Structures are given as structure tokens and as C-alpha cells.
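Have a look at the structure below, then the notes.
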Amino acid sequence: MLIFPAIDIKGGECVRLFRGDFATAERVADDYMQTAQAFSAAGCAWIHMVDLNGALEGKRVNKDVFTRVANETSLKVELGGGIRSLADAAYYLRLGIERVIFGSVAIEKPELVGEAVRAFGSAHVAVGIDAKNGLAAAHGWLDVSAIPYIELARRVEQLGVETIIFTDIGRDGMLQGPNLEQLIALNEAVGCNVIASGGVTNIGDIQALKNARIYGAICGRSIYAGTLSLQEAVDLAHKEEDTQ
């Protein structure tokens, strides 16, 4: 399993939100580069980054932050927030971002996601599915669609998407544990790599996700709040299961 430590950027600063509410943005670290370097030192291969301003405004806002992390650390950057076109995806991939995440676009313009997979390859394109009461949400979680999250996952899998990042909005930033029931249902419904986001609190959650054969876990507030040791999480994720 892979551990994806997270840095959300709003106005150039590292913040975290509670349940996706932008009014609750709380600064969690002083310097994004120092934070990213610490993640690398802990043995992480990836970092999950989100342009919160971009998610709201639908355009590239904090682009220099992300490209700097991609080019000045050893981390592979997966990036979401404000990526709404092939031009946005091409811009970031050209400047060193490893994987771009389409969110709202997957609901509103699914054909664009298919085009991106064909243009850039499935390894470099992911879809973020954010669910509220089981329904997919868009536009920085402000709008809830009528599409069940598993239905959306099946649709994007048919478009060639190999990686899905699933967030239960109700759990995000709340340190209440991931929604294992929904994650397991999603993992069984599609053949995509499923990355869990939202609610990861402690090492027990990492073990539960690993037991459920979830591909990856995004860890944000738990790292900053100190309820999860990133080093311990990485070590557990990399540990081979004992064989009898």
C-alpha cells in the first residue's frame, strides 16, 4: 500500500479544512517545501496536493507551489484543484507533476477525462470522487449531484481511468476514521486503484485500509495533529504480510 501525505494550498499557505468547508481553513504548517522534504525523508514516494483556490475558481492559482515541489524534491506529485481542461493537465504534466486529478469535470464533461487518458496515459490521470451521503459532489464540494459514487466510478473506469481518489466529505478533516464500508464497496465494484481520502486518524486506520486491500491512503490532518506517525504509517504500508 502507498501512503500519500497531503498538503492543501490556499493563498500560498499550507492549510486543512473540516468537511470541505473553506470557511474552516486552518494553517497547519509554516513552509510547504520544508513539509514536503520531511515527507520525503520519512520514505514517501508520493505527495498529494490540492489547489483549494483553484478548486473554487476553476483555474490554476497556486501553480508555482506545486511545480516547485515536483522539481525540487524527490516526491512524485499528484495534484487536484482547478484542473478543468486538457490545457490545464498538459501545463502541469509538462512542468513535472506526475499525475493530475480531475474532479468536477468527471461529472460534467466525462468525455474530457477520456481524452486526457488517451493524450497523457492512464498513469498520469486520476479522478477524484468526493461523496456526500453516497452521492458525488463537485465544485469544491459545494454542489452535490444525483449520481451515486459507485456509478460515477464505473463510468470513469470505462473511460480508461486506473486511479480513483475517494473522499467521504463527512469524514474529511474530522479524524473520525475512513469510511471503510464505502471504500470496500468501491474497491469491489471497479478494477481501479482506489486511494482513500478523508478521516484517516491513526495507525489502526492504516492497518484497516491495508487489510481491505485499498491501494493507497491520503493522510493530512492526522499527520499535522500528531495522531499518526508518518514514519510508522510508511513502515506499515511497506511491510510484507507474514506468510505461514
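Simple scheme: letters A, B, ... for chains in C-alpha cells order, numbers from 1 for residues in each chain, numbers from 1 for ligands in the order shown.
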Set out as a tab-separated table a contact list for segment 102-194 of chain A and segment 82-96 of chain A with a cut-off of 10 Å, giving each residue of segment 102-194 of chain A that qualifies its closest atom pair and distance in Å to one decimal, counting only C-alpha atoms, ordered by chain and rising residue number.
residue	atom	partner	partner_atom	distance
A:Phe102	CA	A:Ile83	CA	6.1
A:Gly103	CA	A:Ile83	CA	7.8
A:Ser104	CA	A:Arg84	CA	7.7
A:Val105	CA	A:Arg84	CA	6.0
A:Ala106	CA	A:Arg84	CA	9.3
A:Lys109	CA	A:Arg84	CA	9.1
A:Leu112	CA	A:Ser85	CA	7.3
A:Val113	CA	A:Leu86	CA	8.5
A:Glu115	CA	A:Leu86	CA	7.9
A:Ala116	CA	A:Leu86	CA	6.2
A:Val117	CA	A:Leu86	CA	10.0
A:Ala119	CA	A:Leu86	CA	8.6
A:Phe120	CA	A:Ala90	CA	8.0
A:His124	CA	A:Leu93	CA	7.9
A:Val125	CA	A:Ala89	CA	8.5
A:His139	CA	A:Gly82	CA	8.9
A:Gly140	CA	A:Gly82	CA	9.0
Go ahead and dump the residues you just picked, C-alpha atoms, as an mmCIF file, in the first residue's frame.
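Saved result, part05.cif, follows:
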data_model
loop_
_atom_site.group_PDB
_atom_site.id
_atom_site.type_symbol
_atom_site.label_atom_id
_atom_site.label_comp_id
_atom_site.auth_asym_id
_atom_site.auth_seq_id
_atom_site.Cartn_x
_atom_site.Cartn_y
_atom_site.Cartn_z
ATOM 1 C CA PHE A 102 -9.937 15.593 -12.464
ATOM 2 C CA GLY A 103 -12.840 16.168 -10.113
ATOM 3 C CA SER A 104 -15.892 18.143 -11.167
ATOM 4 C CA VAL A 105 -15.057 17.551 -14.832
ATOM 5 C CA ALA A 106 -15.686 13.818 -14.421
ATOM 6 C CA LYS A 109 -17.632 16.603 -19.030
ATOM 7 C CA LEU A 112 -12.739 15.236 -21.430
ATOM 8 C CA VAL A 113 -11.442 12.693 -18.927
ATOM 9 C CA GLU A 115 -9.469 12.467 -23.918
ATOM 10 C CA ALA A 116 -6.943 13.126 -21.157
ATOM 11 C CA VAL A 117 -6.321 9.406 -20.624
ATOM 12 C CA ALA A 119 -3.488 12.032 -24.565
ATOM 13 C CA PHE A 120 -1.356 11.595 -21.461
ATOM 14 C CA HIS A 124 -0.828 10.357 -15.327
ATOM 15 C CA VAL A 125 -4.568 10.881 -14.944
ATOM 16 C CA HIS A 139 -17.089 22.435 -7.375
ATOM 17 C CA GLY A 140 -15.051 22.204 -4.226
#
Quiz item: What are the DSSP alpha helix (DSSP H) residues of segment 12-49 of chain A, as a PyMOL selection string?
Solution: chain A and resi 32-41
Selection from above, N, CA and C atoms, as an mmCIF file, in the first residue's frame, can you write it?
data_model
loop_
_atom_site.group_PDB
_atom_site.id
_atom_site.type_symbol
_atom_site.label_atom_id
_atom_site.label_comp_id
_atom_site.auth_asym_id
_atom_site.auth_seq_id
_atom_site.Cartn_x
_atom_site.Cartn_y
_atom_site.Cartn_z
ATOM 1 N N TYR A 32 5.764 25.039 2.972
ATOM 2 C CA TYR A 32 5.377 23.849 2.207
ATOM 3 C C TYR A 32 6.577 23.043 1.740
ATOM 4 N N MET A 33 7.687 23.717 1.426
ATOM 5 C CA MET A 33 8.856 22.974 0.962
ATOM 6 C C MET A 33 9.481 22.166 2.095
ATOM 7 N N GLN A 34 9.604 22.753 3.264
ATOM 8 C CA GLN A 34 10.147 22.018 4.404
ATOM 9 C C GLN A 34 9.259 20.829 4.745
ATOM 10 N N THR A 35 7.946 21.048 4.652
ATOM 11 C CA THR A 35 6.996 19.977 4.941
ATOM 12 C C THR A 35 7.141 18.847 3.926
ATOM 13 N N ALA A 36 7.228 19.199 2.645
ATOM 14 C CA ALA A 36 7.386 18.193 1.604
ATOM 15 C C ALA A 36 8.696 17.424 1.774
ATOM 16 N N GLN A 37 9.756 18.124 2.116
ATOM 17 C CA GLN A 37 11.044 17.473 2.310
ATOM 18 C C GLN A 37 11.004 16.497 3.480
ATOM 19 N N ALA A 38 10.240 16.842 4.520
ATOM 20 C CA ALA A 38 10.084 15.939 5.662
ATOM 21 C C ALA A 38 9.324 14.678 5.248
ATOM 22 N N PHE A 39 8.353 14.840 4.377
ATOM 23 C CA PHE A 39 7.621 13.683 3.867
ATOM 24 C C PHE A 39 8.561 12.760 3.105
ATOM 25 N N SER A 40 9.414 13.337 2.296
ATOM 26 C CA SER A 40 10.379 12.562 1.531
ATOM 27 C C SER A 40 11.343 11.819 2.453
ATOM 28 N N ALA A 41 11.785 12.509 3.502
ATOM 29 C CA ALA A 41 12.727 11.914 4.451
ATOM 30 C C ALA A 41 12.106 10.727 5.189
#
Quiz item: How many Å lie between atom CA of Ile218 of chain A and atom CA of Ile47 of chain A, rounded to one decimal?
Solution: 8.6 Å
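Of the residues listed (A:Ile184, A:Ile3, A:Val65, A:Val28), A:Ile184 shows the shortest atom-to-atom separation from Ala212 of chain A; distances use only C-alpha atoms.
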Quiz prompt | Contact residues around Asp51 of chain A with only C-alpha atoms at 9 Å, ignoring same-chain residues under 2 positions, as a list of chain:residue names | solution =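 Counting only C-alpha atoms, the residues come to A:Asp8, A:Ile9, A:Lys10, A:Met49, A:Asn53, A:Gly54, A:Ala55, A:Leu56, A:Arg60, A:Val61, A:Asn62, A:Lys63, A:Phe66, A:Leu79, A:Gly80, A:Gly81, A:Gly82.
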Export N, CA and C atoms of the chosen residues as a PDB file, in the first residue's frame?
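part-v5.pdb, freshly written:
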ATOM      1  N   ASP A   8      -2.598  20.798   1.323  1.00  0.00           N
ATOM      2  CA  ASP A   8      -3.595  21.623   0.629  1.00  0.00           C
ATOM      3  C   ASP A   8      -3.114  23.068   0.668  1.00  0.00           C
ATOM      4  N   ILE A   9      -3.191  23.744  -0.464  1.00  0.00           N
ATOM      5  CA  ILE A   9      -2.672  25.106  -0.558  1.00  0.00           C
ATOM      6  C   ILE A   9      -3.804  26.104  -0.787  1.00  0.00           C
ATOM      7  N   LYS A  10      -3.848  27.106   0.054  1.00  0.00           N
ATOM      8  CA  LYS A  10      -4.803  28.210  -0.090  1.00  0.00           C
ATOM      9  C   LYS A  10      -4.043  29.508   0.134  1.00  0.00           C
ATOM     10  N   MET A  49      -1.372  16.827  -3.408  1.00  0.00           N
ATOM     11  CA  MET A  49      -1.501  18.273  -3.241  1.00  0.00           C
ATOM     12  C   MET A  49      -2.797  18.761  -3.884  1.00  0.00           C
ATOM     13  N   ASN A  53      -7.734  27.181  -3.882  1.00  0.00           N
ATOM     14  CA  ASN A  53      -8.210  28.355  -4.641  1.00  0.00           C
ATOM     15  C   ASN A  53      -8.636  27.924  -6.044  1.00  0.00           C
ATOM     16  N   GLY A  54      -7.855  27.035  -6.629  1.00  0.00           N
ATOM     17  CA  GLY A  54      -8.169  26.549  -7.959  1.00  0.00           C
ATOM     18  C   GLY A  54      -9.484  25.797  -7.996  1.00  0.00           C
ATOM     19  N   ALA A  55      -9.754  25.014  -6.944  1.00  0.00           N
ATOM     20  CA  ALA A  55     -10.999  24.257  -6.886  1.00  0.00           C
ATOM     21  C   ALA A  55     -12.204  25.185  -6.894  1.00  0.00           C
ATOM     22  N   LEU A  56     -12.070  26.307  -6.212  1.00  0.00           N
ATOM     23  CA  LEU A  56     -13.180  27.264  -6.145  1.00  0.00           C
ATOM     24  C   LEU A  56     -13.298  28.085  -7.416  1.00  0.00           C
ATOM     25  N   ARG A  60      -5.914  27.558 -12.652  1.00  0.00           N
ATOM     26  CA  ARG A  60      -4.642  27.363 -11.954  1.00  0.00           C
ATOM     27  C   ARG A  60      -4.320  28.606 -11.132  1.00  0.00           C
ATOM     28  N   VAL A  61      -4.152  28.436  -9.815  1.00  0.00           N
ATOM     29  CA  VAL A  61      -3.904  29.600  -8.956  1.00  0.00           C
ATOM     30  C   VAL A  61      -2.537  29.515  -8.281  1.00  0.00           C
ATOM     31  N   ASN A  62      -2.282  28.445  -7.527  1.00  0.00           N
ATOM     32  CA  ASN A  62      -1.028  28.329  -6.771  1.00  0.00           C
ATOM     33  C   ASN A  62      -0.012  27.450  -7.500  1.00  0.00           C
ATOM     34  N   LYS A  63       0.028  27.605  -8.814  1.00  0.00           N
ATOM     35  CA  LYS A  63       0.809  26.693  -9.653  1.00  0.00           C
ATOM     36  C   LYS A  63       2.279  26.630  -9.312  1.00  0.00           C
ATOM     37  N   PHE A  66       3.233  24.009  -6.563  1.00  0.00           N
ATOM     38  CA  PHE A  66       3.216  22.598  -6.938  1.00  0.00           C
ATOM     39  C   PHE A  66       4.381  22.226  -7.842  1.00  0.00           C
ATOM     40  N   LEU A  79      -1.823  15.997  -8.211  1.00  0.00           N
ATOM     41  CA  LEU A  79      -2.376  17.327  -7.972  1.00  0.00           C
ATOM     42  C   LEU A  79      -3.825  17.435  -8.425  1.00  0.00           C
ATOM     43  N   GLY A  80      -4.630  18.013  -7.566  1.00  0.00           N
ATOM     44  CA  GLY A  80      -6.015  18.301  -7.911  1.00  0.00           C
ATOM     45  C   GLY A  80      -6.378  19.726  -7.542  1.00  0.00           C
ATOM     46  N   GLY A  81      -7.528  20.173  -8.051  1.00  0.00           N
ATOM     47  CA  GLY A  81      -8.000  21.521  -7.736  1.00  0.00           C
ATOM     48  C   GLY A  81      -7.839  22.453  -8.917  1.00  0.00           C
ATOM     49  N   GLY A  82      -8.951  22.738  -9.588  1.00  0.00           N
ATOM     50  CA  GLY A  82      -8.909  23.695 -10.687  1.00  0.00           C
ATOM     51  C   GLY A  82      -8.436  23.147 -12.009  1.00  0.00           C
TER      52      GLY A  82
END
Exercise. Run DSSP on the backbone and grab whatever in segment 12-174 of chain A lands in strand (DSSP E or B); send it over as a PyMOL selection string.
Key: chain A and resi 13-18+21-29+46-51+76-80+99-102+125-132+135-138+143-148+163-168
Using only C-alpha atoms, what table do you get, as JSON lines, when you list each residue of segment 23-49 of chain A with an atom no more than 12 Å from segment 157-173 of chain A, its nearest pair of atoms, and their distance in Å rounded to one decimal, rows by chain then rising number?
{"residue": "A:Thr24", "atom": "CA", "partner": "A:Gly173", "partner_atom": "CA", "distance": 10.2}
{"residue": "A:Ala25", "atom": "CA", "partner": "A:Gly173", "partner_atom": "CA", "distance": 10.4}
{"residue": "A:Glu26", "atom": "CA", "partner": "A:Gly173", "partner_atom": "CA", "distance": 10.6}
{"residue": "A:Val28", "atom": "CA", "partner": "A:Gly173", "partner_atom": "CA", "distance": 11.8}
{"residue": "A:His48", "atom": "CA", "partner": "A:Ile165", "partner_atom": "CA", "distance": 10.3}
Those selected residues, please, written with N, CA and C atoms and delivered as a PDB file, in the first residue's frame.
ATOM      1  N   THR A  24     -13.441  27.025   7.153  1.00  0.00           N
ATOM      2  CA  THR A  24     -12.754  26.425   8.295  1.00  0.00           C
ATOM      3  C   THR A  24     -11.259  26.255   8.038  1.00  0.00           C
ATOM      4  N   ALA A  25     -10.736  26.837   6.966  1.00  0.00           N
ATOM      5  CA  ALA A  25      -9.322  26.670   6.618  1.00  0.00           C
ATOM      6  C   ALA A  25      -8.430  27.046   7.797  1.00  0.00           C
ATOM      7  N   GLU A  26      -7.548  26.117   8.143  1.00  0.00           N
ATOM      8  CA  GLU A  26      -6.655  26.304   9.282  1.00  0.00           C
ATOM      9  C   GLU A  26      -5.221  26.051   8.830  1.00  0.00           C
ATOM     10  N   VAL A  28      -1.653  24.776   8.902  1.00  0.00           N
ATOM     11  CA  VAL A  28      -1.130  23.616   9.618  1.00  0.00           C
ATOM     12  C   VAL A  28       0.391  23.487   9.545  1.00  0.00           C
ATOM     13  N   HIS A  48       0.306  14.167  -2.095  1.00  0.00           N
ATOM     14  CA  HIS A  48      -1.000  14.556  -2.636  1.00  0.00           C
ATOM     15  C   HIS A  48      -1.182  16.043  -2.352  1.00  0.00           C
TER      16      HIS A  48
END
Practice problem: Find the spatial neighbours of Leu228 of chain A, counting only C-alpha atoms, within a cut-off of 10 Å - ignore same-chain residues fewer than 3 positions away - and output them as JSON, numbers by chain. | Solution: {"A": [200, 201, 202, 203, 204, 205, 206, 219, 220, 221, 222, 223, 224, 225, 231, 232, 233]}
Quiz prompt | Atomic separation - atom CA of Arg99 of chain A relative to atom CA of Asn71 of chain A, Å | solution = 13.7 Å
